[in-house]
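A quick write-up on the structure given underneath.
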Amino acid sequence: MSRDRAIDPNARHLDESYAIVARAVTFDWTGVPLQYIPHEWYATHFWNVMHLVLPEGERAMADVFALALPYIDDRRLHEEVVGFVGQEATHASSHESFRTYLVAHGVDIEPILQRIRFAVGVVFGDHGLIGRAGKAWMNERLGIYAAAEHFTAVVGEWLLDNTEFDRLGVDPTMLDLLRWHGAEELEHRNVAFDAFHYVDGGGFRRARTAVIASAGLAVLWFSTAAYLYKNAVATPRTGKRRLRTPWPLAFARASRKQLIPGLSFLFVQLALYIRPGFHPSKMGDIDKAVRYLATSPAALAAQQ
């Protein structure tokens, strides 16, 4: 099942021989500007949400899928979940490094972290449940995280396809982080869904948890981006009397300029996910991920 990681970027991957592995990437933020999308504060903060929200969420996700491993007897799926757990842990630490960079530049992120810790640790924590109740709650969390993975995989493909970032000259280190993460989300897009269906697979639970996941992601993402956008340190004003564009208008403008996904994205993807017969393999092109990971500066450095 394993495969040499020195992948030919022009070759199509073979699903039966492709292994999901964690890449020990690192990023040097020296000299990276706070406004790494030139002249676009709101779009910059929209992607900053990944650095603030995802570390706790992805560690919690990794913990839940690790709990599910004893229930997965299929050897291939078991191996894929192990690789998935490793990748999610690496994503968390990579984004956390830029979180440290924001703090070093005076951005107060503690109010956001308190909200995220409450959501992940209290609302979606294990609550000390055991036996049948513990198993049912684990299945519920698997469903929520499987749905969340669908959204992150689609966003990952959006990042790989987006050419506006290249045209604008987005900082190359940050662009590599975003696309490396997006490529790995696309690479393992089937795993969380397959694990959830192997362990539980209830259609009603899938629909219910997808609504919970999409609502939770939307609230956290928009509130966090709005907080950063309104923060005087995170978003310096260019003139004392210049009024900042209200964040809903800034969101619409950034979306129109193809710097962030539009609002319809969430509803379209939710409708697709809850449709009977849906499977992530029917969407996207994993070869995009393979090609990018074969050329990503951070992934190549980790390979060496």
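In the structure tokens, chains take the letters A, B, ... in the order shown, each chain's residues start at 1, and ligands count up from 1 in the order shown.
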Inset, instruction - Pull the alpha helix (DSSP H) assignments for segment 110-170 of chain A out of DSSP run on the backbone, and list those residues as a PyMOL selection string. - result: chain A and resi 110-117+131-161+164-168
Legend entry - Coordinates-based distance that separates atom CA of Arg179 of chain A from atom CA of Ser296 of chain A (Å, one decimal):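 Going from atom CA of Ser296 of chain A over to atom CA of Arg179 of chain A, I get 8.2 Å.
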Inset, instruction - Show which residues sit within 9 Å of Gly216 of chain A, as a VMD selection string. Count only C-alpha atoms, and ignore same-chain residues fewer than 5 positions away. - result: chain A and resid 119 211 221
Same residues, N, CA, C and O atoms, saved as a JSON list (two decimals), in the first residue's frame:
[["chain", "number", "residue", "atom", "x", "y", "z"],
["A", 119, "ALA", "N", -15.82, 25.69, 22.64],
["A", 119, "ALA", "CA", -16.54, 24.90, 21.64],
["A", 119, "ALA", "C", -15.98, 23.49, 21.54],
["A", 119, "ALA", "O", -16.73, 22.50, 21.52],
["A", 211, "VAL", "N", -25.41, 19.63, 9.27],
["A", 211, "VAL", "CA", -25.99, 20.94, 9.59],
["A", 211, "VAL", "C", -25.26, 21.55, 10.79],
["A", 211, "VAL", "O", -24.93, 22.75, 10.79],
["A", 221, "TRP", "N", -16.05, 31.05, 11.84],
["A", 221, "TRP", "CA", -15.25, 31.68, 10.78],
["A", 221, "TRP", "C", -15.59, 33.16, 10.64],
["A", 221, "TRP", "O", -14.71, 34.02, 10.65]]
Distance query segment 200-205 of chain A at most 12 Å, only C-alpha atoms, self and fewer than 5 positions along chain excluded, as a PDB file with N, CA, C and O atoms, in the first residue's frame:
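Dumped to selection09.pdb:
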ATOM      1  N   ALA A  68     -11.789   5.935  17.265  1.00  0.00           N
ATOM      2  CA  ALA A  68     -12.564   5.056  16.395  1.00  0.00           C
ATOM      3  C   ALA A  68     -11.743   3.911  15.816  1.00  0.00           C
ATOM      4  O   ALA A  68     -12.314   2.936  15.302  1.00  0.00           O
ATOM      5  N   TYR A  71     -12.583   0.208  16.246  1.00  0.00           N
ATOM      6  CA  TYR A  71     -13.835  -0.239  15.623  1.00  0.00           C
ATOM      7  C   TYR A  71     -13.677  -0.461  14.116  1.00  0.00           C
ATOM      8  O   TYR A  71     -14.644  -0.863  13.458  1.00  0.00           O
ATOM      9  N   ILE A  72     -12.489  -0.194  13.580  1.00  0.00           N
ATOM     10  CA  ILE A  72     -12.267  -0.311  12.134  1.00  0.00           C
ATOM     11  C   ILE A  72     -11.393  -1.530  11.856  1.00  0.00           C
ATOM     12  O   ILE A  72     -10.188  -1.523  12.136  1.00  0.00           O
ATOM     13  N   LYS A 135     -20.126   5.482  23.085  1.00  0.00           N
ATOM     14  CA  LYS A 135     -20.023   5.091  21.680  1.00  0.00           C
ATOM     15  C   LYS A 135     -20.940   5.963  20.807  1.00  0.00           C
ATOM     16  O   LYS A 135     -20.548   6.394  19.710  1.00  0.00           O
ATOM     17  N   ALA A 136     -22.150   6.233  21.282  1.00  0.00           N
ATOM     18  CA  ALA A 136     -23.077   7.063  20.515  1.00  0.00           C
ATOM     19  C   ALA A 136     -22.535   8.478  20.352  1.00  0.00           C
ATOM     20  O   ALA A 136     -22.639   9.069  19.271  1.00  0.00           O
ATOM     21  N   TRP A 137     -21.942   9.017  21.405  1.00  0.00           N
ATOM     22  CA  TRP A 137     -21.389  10.363  21.324  1.00  0.00           C
ATOM     23  C   TRP A 137     -20.155  10.402  20.430  1.00  0.00           C
ATOM     24  O   TRP A 137     -19.934  11.370  19.700  1.00  0.00           O
ATOM     25  N   MET A 138     -19.361   9.337  20.460  1.00  0.00           N
ATOM     26  CA  MET A 138     -18.234   9.247  19.542  1.00  0.00           C
ATOM     27  C   MET A 138     -18.721   9.243  18.096  1.00  0.00           C
ATOM     28  O   MET A 138     -18.163   9.936  17.230  1.00  0.00           O
ATOM     29  N   ASN A 139     -19.775   8.489  17.809  1.00  0.00           N
ATOM     30  CA  ASN A 139     -20.338   8.454  16.455  1.00  0.00           C
ATOM     31  C   ASN A 139     -20.840   9.834  16.028  1.00  0.00           C
ATOM     32  O   ASN A 139     -20.688  10.235  14.867  1.00  0.00           O
ATOM     33  N   GLU A 140     -21.454  10.544  16.980  1.00  0.00           N
ATOM     34  CA  GLU A 140     -21.946  11.883  16.669  1.00  0.00           C
ATOM     35  C   GLU A 140     -20.788  12.810  16.302  1.00  0.00           C
ATOM     36  O   GLU A 140     -20.860  13.554  15.318  1.00  0.00           O
ATOM     37  N   ARG A 141     -19.732  12.733  17.076  1.00  0.00           N
ATOM     38  CA  ARG A 141     -18.568  13.579  16.781  1.00  0.00           C
ATOM     39  C   ARG A 141     -17.887  13.150  15.486  1.00  0.00           C
ATOM     40  O   ARG A 141     -17.404  13.997  14.728  1.00  0.00           O
ATOM     41  N   LEU A 142     -17.852  11.863  15.202  1.00  0.00           N
ATOM     42  CA  LEU A 142     -17.316  11.414  13.917  1.00  0.00           C
ATOM     43  C   LEU A 142     -18.111  12.027  12.766  1.00  0.00           C
ATOM     44  O   LEU A 142     -17.538  12.455  11.756  1.00  0.00           O
ATOM     45  N   GLY A 143     -19.423  12.056  12.910  1.00  0.00           N
ATOM     46  CA  GLY A 143     -20.264  12.636  11.869  1.00  0.00           C
ATOM     47  C   GLY A 143     -20.002  14.118  11.680  1.00  0.00           C
ATOM     48  O   GLY A 143     -19.928  14.614  10.548  1.00  0.00           O
ATOM     49  N   ILE A 144     -19.864  14.845  12.786  1.00  0.00           N
ATOM     50  CA  ILE A 144     -19.602  16.288  12.713  1.00  0.00           C
ATOM     51  C   ILE A 144     -18.270  16.549  12.027  1.00  0.00           C
ATOM     52  O   ILE A 144     -18.166  17.391  11.123  1.00  0.00           O
ATOM     53  N   ALA A 146     -16.539  14.496  10.083  1.00  0.00           N
ATOM     54  CA  ALA A 146     -16.547  14.038   8.692  1.00  0.00           C
ATOM     55  C   ALA A 146     -17.158  15.103   7.791  1.00  0.00           C
ATOM     56  O   ALA A 146     -16.665  15.362   6.686  1.00  0.00           O
ATOM     57  N   ALA A 147     -18.233  15.739   8.264  1.00  0.00           N
ATOM     58  CA  ALA A 147     -18.848  16.821   7.488  1.00  0.00           C
ATOM     59  C   ALA A 147     -17.901  18.013   7.385  1.00  0.00           C
ATOM     60  O   ALA A 147     -17.761  18.623   6.317  1.00  0.00           O
ATOM     61  N   ALA A 192     -12.279  10.546   6.396  1.00  0.00           N
ATOM     62  CA  ALA A 192     -13.193  10.805   7.502  1.00  0.00           C
ATOM     63  C   ALA A 192     -14.591  10.302   7.175  1.00  0.00           C
ATOM     64  O   ALA A 192     -15.268   9.702   8.023  1.00  0.00           O
ATOM     65  N   PHE A 193     -15.024  10.528   5.955  1.00  0.00           N
ATOM     66  CA  PHE A 193     -16.351  10.072   5.530  1.00  0.00           C
ATOM     67  C   PHE A 193     -16.437   8.549   5.585  1.00  0.00           C
ATOM     68  O   PHE A 193     -17.413   7.980   6.112  1.00  0.00           O
ATOM     69  N   ASP A 194     -15.419   7.863   5.055  1.00  0.00           N
ATOM     70  CA  ASP A 194     -15.424   6.393   5.049  1.00  0.00           C
ATOM     71  C   ASP A 194     -15.372   5.828   6.464  1.00  0.00           C
ATOM     72  O   ASP A 194     -16.030   4.830   6.764  1.00  0.00           O
ATOM     73  N   ALA A 195     -14.580   6.463   7.338  1.00  0.00           N
ATOM     74  CA  ALA A 195     -14.487   5.985   8.720  1.00  0.00           C
ATOM     75  C   ALA A 195     -15.821   6.160   9.436  1.00  0.00           C
ATOM     76  O   ALA A 195     -16.273   5.260  10.160  1.00  0.00           O
ATOM     77  N   ALA A 210     -24.079  17.219   9.630  1.00  0.00           N
ATOM     78  CA  ALA A 210     -23.615  18.145   8.593  1.00  0.00           C
ATOM     79  C   ALA A 210     -24.161  19.549   8.845  1.00  0.00           C
ATOM     80  O   ALA A 210     -23.448  20.543   8.654  1.00  0.00           O
ATOM     81  N   VAL A 211     -25.408  19.632   9.269  1.00  0.00           N
ATOM     82  CA  VAL A 211     -25.992  20.938   9.595  1.00  0.00           C
ATOM     83  C   VAL A 211     -25.262  21.549  10.789  1.00  0.00           C
ATOM     84  O   VAL A 211     -24.930  22.747  10.793  1.00  0.00           O
ATOM     85  N   ILE A 212     -24.981  20.733  11.803  1.00  0.00           N
ATOM     86  CA  ILE A 212     -24.251  21.226  12.980  1.00  0.00           C
ATOM     87  C   ILE A 212     -22.864  21.716  12.582  1.00  0.00           C
ATOM     88  O   ILE A 212     -22.425  22.797  12.986  1.00  0.00           O
ATOM     89  N   ALA A 213     -22.165  20.927  11.764  1.00  0.00           N
ATOM     90  CA  ALA A 213     -20.804  21.288  11.362  1.00  0.00           C
ATOM     91  C   ALA A 213     -20.790  22.568  10.538  1.00  0.00           C
ATOM     92  O   ALA A 213     -19.953  23.455  10.765  1.00  0.00           O
ATOM     93  N   TYR A 273     -23.627  17.334   0.311  1.00  0.00           N
ATOM     94  CA  TYR A 273     -23.171  16.359   1.307  1.00  0.00           C
ATOM     95  C   TYR A 273     -24.314  15.505   1.848  1.00  0.00           C
ATOM     96  O   TYR A 273     -24.137  14.313   2.113  1.00  0.00           O
ATOM     97  N   ILE A 274     -25.471  16.097   2.058  1.00  0.00           N
ATOM     98  CA  ILE A 274     -26.578  15.347   2.658  1.00  0.00           C
ATOM     99  C   ILE A 274     -27.401  14.594   1.611  1.00  0.00           C
ATOM    100  O   ILE A 274     -28.316  13.841   1.960  1.00  0.00           O
ATOM    101  N   ARG A 275     -27.060  14.755   0.343  1.00  0.00           N
ATOM    102  CA  ARG A 275     -27.800  14.059  -0.709  1.00  0.00           C
ATOM    103  C   ARG A 275     -27.558  12.559  -0.621  1.00  0.00           C
ATOM    104  O   ARG A 275     -26.416  12.115  -0.444  1.00  0.00           O
ATOM    105  N   PRO A 276     -28.597  11.729  -0.733  1.00  0.00           N
ATOM    106  CA  PRO A 276     -28.398  10.267  -0.721  1.00  0.00           C
ATOM    107  C   PRO A 276     -27.446   9.835  -1.832  1.00  0.00           C
ATOM    108  O   PRO A 276     -27.509  10.333  -2.958  1.00  0.00           O
ATOM    109  N   GLY A 277     -26.564   8.915  -1.508  1.00  0.00           N
ATOM    110  CA  GLY A 277     -25.611   8.426  -2.486  1.00  0.00           C
ATOM    111  C   GLY A 277     -24.348   9.264  -2.613  1.00  0.00           C
ATOM    112  O   GLY A 277     -23.460   8.928  -3.399  1.00  0.00           O
ATOM    113  N   PHE A 278     -24.254  10.332  -1.819  1.00  0.00           N
ATOM    114  CA  PHE A 278     -23.059  11.170  -1.883  1.00  0.00           C
ATOM    115  C   PHE A 278     -21.828  10.410  -1.402  1.00  0.00           C
ATOM    116  O   PHE A 278     -21.889   9.631  -0.456  1.00  0.00           O
ATOM    117  N   HIS A 279     -20.698  10.625  -2.078  1.00  0.00           N
ATOM    118  CA  HIS A 279     -19.397  10.169  -1.583  1.00  0.00           C
ATOM    119  C   HIS A 279     -18.351  11.178  -2.038  1.00  0.00           C
ATOM    120  O   HIS A 279     -18.406  11.650  -3.184  1.00  0.00           O
TER     121      HIS A 279
END
Legend entry - Spatial neighbours of Ala60 of chain A, 12 Å, only C-alpha atoms, chain gap at least 2 places, as a PyMOL selection string: chain A and resi 53-58+62-67+85+88-89+92+116-117+119-126+138+141-142+144-145
Surrounding residues of Phe267 of chain A excluding itself and chain neighbours under 3 positions, 12 Å, only C-alpha atoms, as a CSV table (one decimal) with N, CA, C and O atoms, in the first residue's frame:
chain,number,residue,atom,x,y,z
A,151,PHE,N,-16.1,20.1,3.9
A,151,PHE,CA,-16.0,21.6,3.7
A,151,PHE,C,-14.5,22.0,3.5
A,151,PHE,O,-14.2,22.8,2.6
A,210,ALA,N,-24.1,17.2,9.6
A,210,ALA,CA,-23.6,18.1,8.6
A,210,ALA,C,-24.2,19.5,8.8
A,210,ALA,O,-23.4,20.5,8.7
A,211,VAL,N,-25.4,19.6,9.3
A,211,VAL,CA,-26.0,20.9,9.6
A,211,VAL,C,-25.3,21.5,10.8
A,211,VAL,O,-24.9,22.7,10.8
A,214,SER,N,-21.7,22.7,9.6
A,214,SER,CA,-21.7,23.9,8.7
A,214,SER,C,-22.1,25.1,9.5
A,214,SER,O,-21.5,26.2,9.3
A,215,ALA,N,-23.0,25.0,10.4
A,215,ALA,CA,-23.4,26.2,11.3
A,215,ALA,C,-22.3,26.6,12.2
A,215,ALA,O,-22.0,27.7,12.3
A,218,ALA,N,-19.5,28.2,10.2
A,218,ALA,CA,-19.9,29.5,9.7
A,218,ALA,C,-19.8,30.6,10.9
A,218,ALA,O,-19.2,31.7,10.7
A,261,PRO,N,-13.9,32.2,-0.9
A,261,PRO,CA,-15.2,31.6,-1.4
A,261,PRO,C,-16.4,32.4,-1.1
A,261,PRO,O,-16.4,33.1,0.0
A,262,GLY,N,-17.4,32.4,-1.9
A,262,GLY,CA,-18.6,33.2,-1.7
A,262,GLY,C,-19.5,32.5,-0.7
A,262,GLY,O,-19.3,31.3,-0.3
A,263,LEU,N,-20.5,33.2,-0.2
A,263,LEU,CA,-21.4,32.7,0.8
A,263,LEU,C,-22.2,31.5,0.3
A,263,LEU,O,-22.5,30.6,1.1
A,264,SER,N,-22.5,31.4,-1.0
A,264,SER,CA,-23.3,30.3,-1.5
A,264,SER,C,-22.6,29.0,-1.4
A,264,SER,O,-23.2,27.9,-1.4
A,270,LEU,N,-23.3,21.9,1.6
A,270,LEU,CA,-24.2,21.2,2.5
A,270,LEU,C,-25.3,20.4,1.8
A,270,LEU,O,-25.5,19.2,2.1
A,271,ALA,N,-25.9,21.0,0.8
A,271,ALA,CA,-26.9,20.3,0.0
A,271,ALA,C,-26.3,19.0,-0.7
A,271,ALA,O,-26.9,18.0,-0.7
A,272,LEU,N,-25.1,19.2,-1.2
A,272,LEU,CA,-24.4,18.0,-1.9
A,272,LEU,C,-24.1,16.9,-0.9
A,272,LEU,O,-24.3,15.8,-1.1
A,273,TYR,N,-23.6,17.3,0.3
A,273,TYR,CA,-23.2,16.4,1.3
A,273,TYR,C,-24.3,15.5,1.8
A,273,TYR,O,-24.1,14.3,2.1
A,274,ILE,N,-25.5,16.1,2.1
A,274,ILE,CA,-26.6,15.3,2.7
A,274,ILE,C,-27.4,14.6,1.6
A,274,ILE,O,-28.3,13.8,2.0
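Rounded to one decimal, atom CA of His51 of chain A and atom CA of His181 of chain A lie 11.3 Å from each other.
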Legend entry - Surrounding residues of segment 182-188 of chain A excluding itself and chain neighbours under 2 positions, 8 Å, only C-alpha atoms, as a PyMOL selection string: chain A and resi 20+84+87+149+152-157+159-160+178-180+190-192+284-286+288-290+292-293
Inset, instruction - To one decimal in Å, tell me the separation between atom CA of Ile109 of chain A and atom CA of Val49 of chain A. - result: 10.6 Å
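Here the question is which of A:His91, A:His45, A:Arg23, A:Arg59 gets nearest to Ile260 of chain A using only C-alpha atoms, and that residue is A:His45.
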Inset, instruction - Find, counting only C-alpha atoms, the residue in A:Glu164, A:Val219, A:Asp28, A:Pro280 that gets nearest to His95 of chain A. - result: A:Asp28
Inset, instruction - Determine the nearest neighbour of Ser223 of chain A from the options A:Asp287, A:Lys282, A:Ile112, A:Ala302, counting only C-alpha atoms. - result: A:Ile112
